[in-house]
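**Q** Coordinates in protein.txt, compact mmCIF, C-alpha atoms, are listed below.
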# COMPACT_ATOMS: atom_id res chain seq x y z
CA MET A 51 73.56 90.89 8.53
CA PRO A 52 71.88 90.12 5.17
CA VAL A 53 73.06 86.90 3.53
CA PRO A 54 72.69 86.48 -0.26
CA MET A 55 70.34 83.57 -0.88
CA TYR A 56 69.22 81.73 -4.00
CA ILE A 57 66.73 79.01 -4.88
CA VAL A 58 68.03 76.85 -7.71
CA ASP A 59 66.43 73.95 -9.58
CA ALA A 60 69.17 71.35 -10.14
CA PHE A 61 69.39 68.29 -12.41
CA ALA A 62 66.54 70.03 -14.21
CA PRO A 63 65.76 69.99 -17.94
CA GLU A 64 63.95 73.32 -17.42
CA PRO A 65 62.96 75.62 -14.52
CA PHE A 66 60.50 74.23 -11.96
CA THR A 67 61.63 70.67 -12.56
CA GLY A 68 64.51 68.76 -10.98
CA ASN A 69 65.29 69.30 -7.30
CA SER A 70 65.21 72.69 -5.58
CA ALA A 71 68.08 73.70 -3.33
CA GLY A 72 68.68 76.75 -1.21
CA VAL A 73 72.11 78.34 -1.54
CA CYS A 74 73.34 80.79 1.12
CA ILE A 75 76.61 82.70 0.49
CA LEU A 76 78.33 83.34 3.82
CA GLU A 77 81.05 85.82 4.69
CA GLN A 78 81.63 84.10 8.03
CA ALA A 79 80.55 80.81 9.55
CA LEU A 80 77.14 80.53 11.19
CA PRO A 81 76.29 78.37 14.22
CA ASN A 82 75.05 74.90 13.33
CA ARG A 83 71.72 75.46 15.03
CA LEU A 84 71.11 78.61 12.98
CA MET A 85 71.89 76.86 9.68
CA GLN A 86 69.53 74.07 10.70
CA LYS A 87 66.79 76.61 11.46
CA VAL A 88 67.27 78.25 8.08
CA ALA A 89 66.98 74.88 6.33
CA ALA A 90 63.83 74.09 8.29
CA GLU A 91 62.39 77.50 7.41
CA LEU A 92 62.96 76.95 3.69
CA GLY A 93 61.53 73.44 3.91
CA ILE A 94 63.10 72.11 0.69
CA SER A 95 65.20 68.98 0.37
CA GLU A 96 68.57 70.62 1.11
CA THR A 97 69.98 74.04 1.81
CA ALA A 98 73.66 74.66 1.10
CA PHE A 99 75.88 77.04 3.06
CA VAL A 100 79.03 78.04 1.21
CA GLN A 101 81.91 80.23 2.39
CA PRO A 102 85.03 81.39 0.46
CA LEU A 103 88.45 80.10 1.43
CA GLU A 104 91.38 80.93 -0.90
CA GLY A 105 91.31 81.14 -4.68
CA ASN A 106 88.61 78.93 -6.14
CA ASN A 107 88.29 76.93 -2.90
CA TRP A 108 85.10 77.14 -0.85
CA SER A 109 83.77 75.35 2.21
CA LEU A 110 80.37 73.75 1.71
CA ARG A 111 77.82 72.18 4.07
CA TRP A 112 74.32 70.82 3.46
CA PHE A 113 71.24 70.63 5.70
CA THR A 114 67.86 68.99 5.17
CA PRO A 115 64.95 70.45 7.15
CA THR A 116 65.94 68.15 10.04
CA VAL A 117 69.62 67.06 9.79
CA GLU A 118 73.02 67.88 8.34
CA VAL A 119 74.09 65.41 5.64
CA ASP A 120 77.55 64.20 4.58
CA LEU A 121 76.97 64.51 0.83
CA CYS A 122 74.38 66.12 -1.43
CA GLY A 123 74.55 66.14 -5.20
CA HIS A 124 71.82 68.53 -6.27
CA ALA A 125 72.72 71.23 -3.71
CA THR A 126 76.38 71.00 -4.80
CA LEU A 127 75.30 71.46 -8.42
CA ALA A 128 73.10 74.38 -7.36
CA THR A 129 75.94 76.01 -5.42
CA ALA A 130 78.42 75.66 -8.28
CA HIS A 131 75.82 77.13 -10.64
CA VAL A 132 75.34 80.19 -8.40
CA LEU A 133 79.09 80.79 -8.05
CA PHE A 134 79.67 80.51 -11.80
CA GLU A 135 76.56 82.49 -12.80
CA SER A 136 77.25 85.34 -10.35
CA GLY A 137 80.93 85.62 -11.29
CA ARG A 138 82.13 84.76 -7.78
CA VAL A 139 84.17 81.99 -9.45
CA SER A 140 85.44 82.83 -12.93
CA GLU A 141 88.01 80.07 -13.53
CA GLY A 142 85.41 77.51 -14.60
CA VAL A 143 86.45 75.14 -11.81
CA VAL A 144 85.54 75.27 -8.12
CA ASN A 145 86.75 73.04 -5.29
CA PHE A 146 84.31 72.43 -2.44
CA HIS A 147 85.73 71.34 0.92
CA THR A 148 83.05 69.17 2.52
CA LEU A 149 82.41 66.41 5.05
CA SER A 150 82.99 63.98 2.15
CA GLY A 151 86.32 65.49 1.12
CA VAL A 152 87.10 67.85 -1.75
CA LEU A 153 84.50 67.85 -4.54
CA VAL A 154 85.60 69.37 -7.86
CA CYS A 155 82.96 71.01 -10.09
CA ARG A 156 83.55 72.18 -13.66
CA HIS A 157 81.50 74.54 -15.81
CA MET A 158 80.91 72.75 -19.13
CA GLY A 159 78.64 74.93 -21.28
CA GLU A 160 75.02 74.37 -20.24
CA ARG A 161 75.99 71.62 -17.82
CA ILE A 162 78.10 71.32 -14.70
CA GLU A 163 80.22 68.25 -14.01
CA MET A 164 80.96 67.14 -10.45
CA ASP A 165 83.54 64.58 -9.31
CA PHE A 166 82.00 62.50 -6.52
CA PRO A 167 83.09 59.35 -4.69
CA ALA A 168 81.83 56.00 -5.98
CA GLU A 169 79.64 54.11 -3.51
CA PRO A 170 78.81 50.81 -5.23
CA PRO A 171 76.22 48.75 -3.33
CA GLN A 172 77.06 45.32 -1.95
CA SER A 173 74.46 42.54 -2.11
CA VAL A 174 72.56 42.03 1.16
CA ASP A 175 69.59 40.07 2.41
CA PRO A 176 66.70 42.56 2.51
CA PRO A 177 65.32 43.16 6.01
CA PRO A 178 61.60 42.42 6.38
CA MET A 179 60.87 46.11 7.09
CA LEU A 180 62.29 47.04 3.67
CA ILE A 181 60.04 44.57 1.85
CA GLU A 182 57.01 45.60 3.89
CA GLY A 183 57.77 49.28 3.36
CA LEU A 184 58.15 48.96 -0.41
CA GLY A 185 55.13 46.70 -0.84
CA VAL A 186 56.99 44.73 -3.55
CA ARG A 187 59.78 42.17 -3.48
CA PRO A 188 62.81 43.53 -5.36
CA ALA A 189 64.77 41.38 -7.77
CA TRP A 190 67.98 42.39 -5.96
CA VAL A 191 68.88 44.47 -2.89
CA GLY A 192 72.20 46.10 -2.14
CA LYS A 193 73.52 48.53 0.45
CA ASN A 194 76.30 51.07 0.56
CA ARG A 195 77.36 53.24 3.48
CA TRP A 196 74.28 55.48 3.12
CA ASP A 197 71.36 53.72 1.49
CA TYR A 198 69.57 50.55 0.49
CA ILE A 199 69.27 50.12 -3.28
CA ALA A 200 66.32 47.98 -4.37
CA VAL A 201 66.33 46.82 -8.00
CA CYS A 202 62.93 46.07 -9.54
CA GLU A 203 62.00 44.04 -12.60
CA SER A 204 60.52 46.92 -14.59
CA GLU A 205 60.41 50.69 -14.96
CA ASP A 206 56.64 50.55 -14.46
CA THR A 207 57.09 48.99 -11.01
CA VAL A 208 59.33 51.89 -9.97
CA ARG A 209 56.98 54.53 -11.33
CA THR A 210 53.84 53.11 -9.70
CA LEU A 211 55.38 52.24 -6.32
CA ARG A 212 53.40 53.50 -3.31
CA PRO A 213 55.67 52.78 -0.32
CA ASP A 214 54.79 52.82 3.36
CA LEU A 215 57.03 55.71 4.41
CA ALA A 216 56.54 55.07 8.12
CA LYS A 217 58.06 51.60 7.72
CA LEU A 218 60.89 52.79 5.47
CA GLY A 219 61.63 55.49 8.04
CA ARG A 220 62.48 52.82 10.62
CA LEU A 221 65.39 51.48 8.58
CA PRO A 222 68.82 52.53 9.95
CA VAL A 223 69.97 54.16 6.71
CA ARG A 224 69.85 57.61 5.10
CA GLY A 225 67.27 56.46 2.56
CA VAL A 226 66.10 53.87 0.03
CA ALA A 227 66.70 54.09 -3.73
CA VAL A 228 64.37 52.03 -5.92
CA THR A 229 65.54 51.48 -9.47
CA ALA A 230 65.07 49.54 -12.70
CA GLN A 231 66.50 49.46 -16.20
CA ALA A 232 64.71 51.88 -18.50
CA SER A 233 62.11 50.55 -20.88
CA GLU A 234 63.22 49.82 -24.44
CA GLY A 235 63.44 52.97 -26.56
CA ALA A 236 63.74 55.38 -23.62
CA GLU A 237 66.11 58.36 -23.83
CA PHE A 238 67.73 57.33 -20.55
CA ASP A 239 69.35 54.14 -19.27
CA PHE A 240 67.81 53.57 -15.85
CA VAL A 241 65.03 54.99 -13.73
CA SER A 242 64.91 55.53 -9.98
CA ARG A 243 63.06 57.05 -7.06
CA PHE A 244 64.45 57.92 -3.63
CA PHE A 245 62.69 57.86 -0.27
CA ALA A 246 64.32 59.28 2.87
CA PRO A 247 61.70 59.88 5.58
CA GLN A 248 64.36 59.29 8.26
CA SER A 249 66.21 62.33 6.85
CA GLY A 250 63.10 64.52 6.74
CA ILE A 251 62.49 63.94 3.00
CA PRO A 252 59.52 61.65 2.20
CA GLU A 253 60.41 61.46 -1.51
CA ASP A 254 63.36 63.38 -2.88
CA PRO A 255 62.72 64.93 -6.31
CA VAL A 256 66.23 64.18 -7.68
CA THR A 257 69.06 62.68 -5.62
CA GLY A 258 72.53 63.23 -7.08
CA SER A 259 74.37 61.42 -4.29
CA ALA A 260 72.23 58.28 -4.76
CA HIS A 261 73.77 58.05 -8.24
CA CYS A 262 77.15 57.44 -6.58
CA GLY A 263 75.68 53.97 -6.01
CA LEU A 264 73.26 53.74 -8.93
CA GLY A 265 75.90 54.73 -11.49
CA PRO A 266 78.39 51.97 -10.58
CA TYR A 267 75.60 49.37 -10.27
CA TRP A 268 74.10 50.05 -13.70
CA SER A 269 77.50 50.56 -15.31
CA ALA A 270 78.44 47.01 -14.28
CA LYS A 271 75.05 45.60 -15.35
CA LEU A 272 74.86 47.36 -18.72
CA GLY A 273 78.58 47.28 -19.57
CA ARG A 274 78.93 51.02 -20.21
CA ASN A 275 80.69 53.73 -18.24
CA GLU A 276 78.50 56.66 -19.34
CA LEU A 277 74.80 56.51 -18.52
CA ILE A 278 71.80 58.77 -18.03
CA GLY A 279 69.63 58.28 -14.96
CA TYR A 280 66.03 59.49 -14.84
CA GLN A 281 64.46 60.13 -11.43
CA ALA A 282 60.71 59.55 -11.73
CA SER A 283 59.48 61.84 -8.96
CA PRO A 284 56.56 64.19 -9.67
CA ARG A 285 59.10 66.93 -10.60
CA THR A 286 61.38 64.56 -12.58
CA GLY A 287 65.05 65.11 -13.33
CA GLN A 288 68.05 63.70 -15.16
CA VAL A 289 71.53 62.88 -13.87
CA GLY A 290 74.43 62.07 -16.16
CA THR A 291 76.84 59.52 -14.68
CA ARG A 292 80.35 58.60 -15.82
CA VAL A 293 82.03 55.85 -13.82
CA HIS A 294 85.84 55.79 -13.75
CA ALA A 295 88.73 54.56 -11.64
CA HIS A 296 88.62 57.55 -9.29
CA GLY A 297 84.87 57.73 -8.63
CA VAL A 298 81.74 58.93 -10.41
CA THR A 299 81.35 62.14 -12.38
CA LEU A 300 77.77 63.45 -12.14
CA SER A 301 76.45 66.10 -14.50
CA GLY A 302 73.33 68.15 -15.01
CA LYS A 303 71.75 71.52 -15.68
CA ALA A 304 70.61 74.09 -13.12
CA PHE A 305 68.36 77.17 -13.19
CA THR A 306 68.15 80.02 -10.69
CA VAL A 307 64.48 80.71 -9.92
CA LEU A 308 64.83 83.11 -6.96
CA ARG A 309 67.39 85.63 -5.68
CA GLY A 310 67.12 87.48 -2.38
CA GLU A 311 68.57 88.12 1.04
CA LEU A 312 68.31 86.11 4.20
CA LEU A 313 67.89 88.50 7.13
CA ILE A 314 69.64 86.97 10.13
Would you mind writing the file's structure down as structure tokens?
**A**
Amino acid sequence: MPVPMYIVDAFAPEPFTGNSAGVCILEQALPNRLMQKVAAELGISETAFVQPLEGNNWSLRWFTPTVEVDLCGHATLATAHVLFESGRVSEGVVNFHTLSGVLVCRHMGERIEMDFPAEPPQSVDPPPMLIEGLGVRPAWVGKNRWDYIAVCESEDTVRTLRPDLAKLGRLPVRGVAVTAQASEGAEFDFVSRFFAPQSGIPEDPVTGSAHCGLGPYWSAKLGRNELIGYQASPRTGQVGTRVHAHGVTLSGKAFTVLRGELLI
């Protein structure tokens, strides 16, 4: 049965930037092993599988090329974009039922806003493998339920980092976010990169869910609730963050670059 499939660039200032996500629109659930095979076949950071429930409620799951993940920002943005753009959801709001609870996405002109849980990092002593893997000693290290967050002294340190991915891949976490305050005069507030070899993603182009931790951290440091994060991967991308009592609202643009059918 053919399955409508899209490739969408999310958190992207223009097409062919940001982070690519596959979006598969299902009429009925697929076996886990088949969804995992599809994600491996596409070979991009995450592939989303979305299925209608009632009204503007949809079930949503995400797979990297090797594992299912509990939360994914850019593939959620990509999925909401496809549903709004194709007219499958016309109300301007969609509720995704996921492994991380209900995620609400709103169509706001050129951007989409997404209500995500806040995951502020707690200060920890960095394990030796983290320091060895990064090749630099961070100014501060924190950890939330998914990732290590390593704060560096400068934006240049983040941009020029050449980590040992084999060593980072031995850490018992989803991934490692490396971040610093943006240089003076920049059009964004903080910069980051994200490495997740243990999840099948050596360096993620733009990681929305990492901003569930980065947003609260930099909001506390800079004394502002609304910030712009810049992910300095080769593709680059921007994530708006608004920290509030109920979590973190992430926002960004998305562009469909491919439409087709998955023949399974």
**Q** Any idea what the distance is between CA of Pro177 in chain A and CA of Ile199 in chain A?
**A** 12.3 Å
**Q** Enter the distance from CA of Pro65 in chain A to CA of Val298 in chain A, in Å, rounded to one decimal.
**A**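 So the two atoms, CA of Pro65 in chain A and CA of Val298 in chain A, lie 25.5 Å apart.
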**Q** What does the distance from CA of Gly258 in chain A to CA of Ala282 in chain A come to in Å, to one decimal?
**A**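 So the two atoms, CA of Gly258 in chain A and CA of Ala282 in chain A, lie 13.2 Å apart.
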**Q** With only C-alpha atoms as the atoms that count, which of A:Ala189, A:Ala232, A:Cys122, A:Ala200 lies nearest to Phe166 in chain A?
**A**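 For Phe166 in chain A, the nearest of the given residues is A:Cys122.
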**Q** Nearest to Gly290 in chain A: which of A:Pro171, A:Gly105, A:Pro63, A:Gly310 is it, counting all atoms listed in the file?
**A**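 So, comparing all the options, the nearest one is A:Pro63.
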**Q** Report as number ranges by chain all protein, DNA and RNA residues lying within 9 Å of Val307 in chain A, evaluated on only C-alpha atoms, omitting residues in the same chain fewer than 5 positions from it.
**A** A: 56-59, 65-66
**Q** Counting all atoms listed in the file, which residues sit no farther than 8 Å from the position (82.1, 64.9, 4.7) in the file's frame? I'd like them as a list in words.
**A** Asp120, Leu121, Thr148, Leu149, Ser150 and Gly151 of chain A
**Q** So that I can check the surroundings of Val289 in chain A, please list as a PyMOL selection string every protein, DNA and RNA residue that reaches within 8 Å of it, counting only C-alpha atoms and ignoring chain neighbours fewer than 5 positions away.
**A** chain A and resi 61+258+261+278-281+300-302
**Q** Using all atoms listed in the file, which of the listed residues (A:Phe240, A:Trp190, A:Trp196, A:Phe113) sits closest to Ser269 in chain A?
**A** A:Phe240
